[in-house]
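The structure appears right after this line, and notes come after that.
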Amino acid sequence: MALPGKPLGEQNKLMTTILLIEQVLNGLQFGVMLFLTAAGLTLVFGVMGLINLAHGSLFMVGAFAAAAVAGATGSFILALAASLAAAAAAGALVEMLVIRRLYSRDHLDQVLATFALILIFSEGTRWLFGSFPLYLNIPTWLSGPVTLPGGIQYPLYRLTIIAIGLVIAGGLFLLISRTRLGIRIRAGESDREMIAALGVDISKLYTIVFALGAALAGLAGALVGAIQSVQVGMGEPVLILAFVVIVIGGIGLVKGALIGSILVGLTDTLGRILLPEVFKLFLDPSTATSIGASLATMSIYILMAAVLVVKPTGLFGAKA
């Protein structure tokens with residue numbers, strides 16, 4: 001798109017800058033979505049010492065609940081509320097019926113049991129909603145672009161996701177650091193036997209933490225469902241990225257989950273744009289695009305490996 005009154009070289013530089021800013025915002029939006037999923041996972045892992053492979057299924061539950069309620073009522077706000085409620089209820093039920101029996105078992109038993117839950121959730125969802133994808137429409141009051149400083153046009157809905165994620169991150173920091181529940185969560189992470197001896201109902205605490213993590217994952221699923229399709233199995237790719245996030249940031253740390261999520265989001269998004277362009281400097285366009293795309297896919301795992309080499313416990317993890 002030509003800009004009147006500006007030399008061609010200056011126009012190209014301006015368009016490149018605008019594209020880069022847009023991709024940074026896309027990376028932030030992707031990272032915030034990962035944070036909503038990874039925050040609950042890292043809390044469960046840190047407080048309970050539990051490897052929960054079914055966390056992605058709770059992401060899917062939230063998305064399907066939102067799509068169903070939005071289709072029935074036409075209200076996006078009610079859809080988001082339904083995603084929180086459905087995922088939290090499913091998480092609490094799973095914790096009380098299945099997960100509670102796994103705390104004293106080794107990690108292999110936890111992996112096998114929660115993998116079985118993935119299959120149960122997937123087939124149950126397919127039985128309830130069918131195999132065809134559902135679609136959650138962006139409400140009219142959040143659709144369309146917004147003009148940012150510099151004349152950059154960016155979708156309002158994606159900016160809203162970024163804002164929601166940052167507000168929730170702030171709320172989680174306050175919850176963990178300033179409330180009685182947060183004190184118990186941190187104490188449970190350090191010494192669960194001691195707080196149980198002091199009269200804290202550890203079973204109730206675990207259920208609350210698990211339901212909170214499930215609700216955040218469900219909200220993430222609902223928010224993403226308005227951008228992508230809502231379908232069976234949509235939580236598994238997100239689960240893999242969430243594990244990458246908590247390994248990078250440090251297990252059990254909300255701050256680590258936030259920084260790790262943003263790093264992963266920016267690395268993935270910018271890698272897909274920048275790496276092919278870098279290889280075009282010394283390779284033909286077709287080869288450069290192919291190699292750049294392949295390396296971009298691996299970039300987050302390369303980032304994880306680099307962090308683990310420098311700090312095996314993650315960026316904010318305590319020394320072993």
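All residue names refer to the structure tokens as shown: chains lettered A, B, ... in order, residues numbered from 1 in each chain, ligands numbered from 1 in order.
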
12 Å contact set for Gly235 in chain A, only C-alpha atoms, chain neighbours under 3 positions out, as a PyMOL selection string: chain A and resi 34+37-38+53-64+118-119+121-122+217-218+220-222+224-225+229-232+238-242

Take the residues from that selection and put them in a file with C-alpha atoms, as a CSV table (one decimal), in the first residue's frame.
chain,number,residue,atom,x,y,z
A,34,LEU,CA,-0.8,-19.5,27.2
A,37,THR,CA,-3.7,-22.1,30.7
A,38,ALA,CA,-0.2,-22.4,32.3
A,53,LEU,CA,-2.2,-34.2,31.5
A,54,ALA,CA,-5.9,-33.6,31.5
A,55,HIS,CA,-5.5,-29.8,32.0
A,56,GLY,CA,-5.9,-29.3,28.2
A,57,SER,CA,-9.3,-31.1,28.4
A,58,LEU,CA,-10.5,-28.4,30.9
A,59,PHE,CA,-9.4,-25.8,28.3
A,60,MET,CA,-11.7,-27.7,25.8
A,61,VAL,CA,-14.6,-27.9,28.3
A,62,GLY,CA,-14.5,-24.1,28.8
A,63,ALA,CA,-14.6,-23.5,25.0
A,64,PHE,CA,-17.5,-25.9,24.4
A,118,ILE,CA,-8.1,-37.0,28.2
A,119,LEU,CA,-9.8,-39.9,26.4
A,121,PHE,CA,-13.3,-36.0,28.2
A,122,SER,CA,-12.7,-36.2,24.4
A,217,ALA,CA,-8.0,-22.9,31.5
A,218,GLY,CA,-11.7,-22.8,30.6
A,220,ALA,CA,-8.6,-19.3,27.9
A,221,GLY,CA,-10.5,-21.9,25.8
A,222,ALA,CA,-13.5,-19.6,25.5
A,224,VAL,CA,-9.5,-18.6,21.9
A,225,GLY,CA,-12.7,-20.2,20.7
A,229,SER,CA,-13.0,-23.2,15.9
A,230,VAL,CA,-14.1,-25.1,19.0
A,231,GLN,CA,-13.5,-28.8,18.5
A,232,VAL,CA,-12.6,-32.0,20.2
A,238,VAL,CA,-2.1,-26.0,24.2
A,239,LEU,CA,-1.2,-28.4,27.0
A,240,ILE,CA,2.2,-29.1,25.4
A,241,LEU,CA,3.0,-25.4,25.1
A,242,ALA,CA,1.8,-24.9,28.7

Picked from range 117-288 of chain A by DSSP as alpha helix (DSSP H), as a count of residues only: 122

Residues within 10 Å of Phe173 in chain A, only C-alpha atoms, excluding chain neighbours under 5 positions, as an NGL selection string: :A and (167-168 or 178-179 or 182 or 253-255)

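Closest approach to Met15 in chain A among A:Arg158, A:Gly150, A:Ala257, A:Met96 is made by A:Gly150 (distances from only C-alpha atoms).
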
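The smallest atom-to-atom distance between Leu172 in chain A and any of A:Pro133, A:Gly292, A:Gly27, A:Gly213, using only C-alpha atoms, is found for A:Gly213.
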
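Around Leu166 in chain A, within 10 Å and counting only C-alpha atoms, the residues found are Val32, Phe35, Leu36, Thr160, Ile161, Ile162, Gly170, Gly171, Leu172 and Leu258 of chain A, once anything fewer than 4 positions away on its own chain is removed.
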
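From CA of Leu41 in chain A back to CA of Leu108 in chain A, the distance works out to 17.4 Å.
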
Write out as a Markdown table the residues of range 246-291 of chain A that have any atom within 12 Å of an atom of range 16-26 of chain A, one row each with the nearest atom pair and its distance in Å to one decimal, counting only C-alpha atoms, sorted by chain and then rising number.
| residue | atom | partner | partner_atom | distance |
| --- | --- | --- | --- | --- |
| A:Ile262 | CA | A:Val24 | CA | 10.1 |
| A:Leu263 | CA | A:Val24 | CA | 10.9 |
| A:Val264 | CA | A:Val24 | CA | 11.8 |
| A:Gly265 | CA | A:Asn26 | CA | 8.0 |
| A:Leu266 | CA | A:Val24 | CA | 6.4 |
| A:Thr267 | CA | A:Val24 | CA | 9.5 |
| A:Asp268 | CA | A:Asn26 | CA | 10.0 |
| A:Thr269 | CA | A:Gln23 | CA | 6.5 |
| A:Leu270 | CA | A:Gln23 | CA | 6.4 |
| A:Gly271 | CA | A:Gln23 | CA | 9.9 |
| A:Arg272 | CA | A:Gln23 | CA | 9.7 |
| A:Ile273 | CA | A:Gln23 | CA | 8.0 |
| A:Leu274 | CA | A:Leu20 | CA | 9.1 |
| A:Glu277 | CA | A:Thr16 | CA | 11.7 |

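The closest residue to Ser83 in chain A, picked from A:Ala68, A:Glu123, A:Lys13, A:Leu112 and counting only C-alpha atoms, is A:Ala68.
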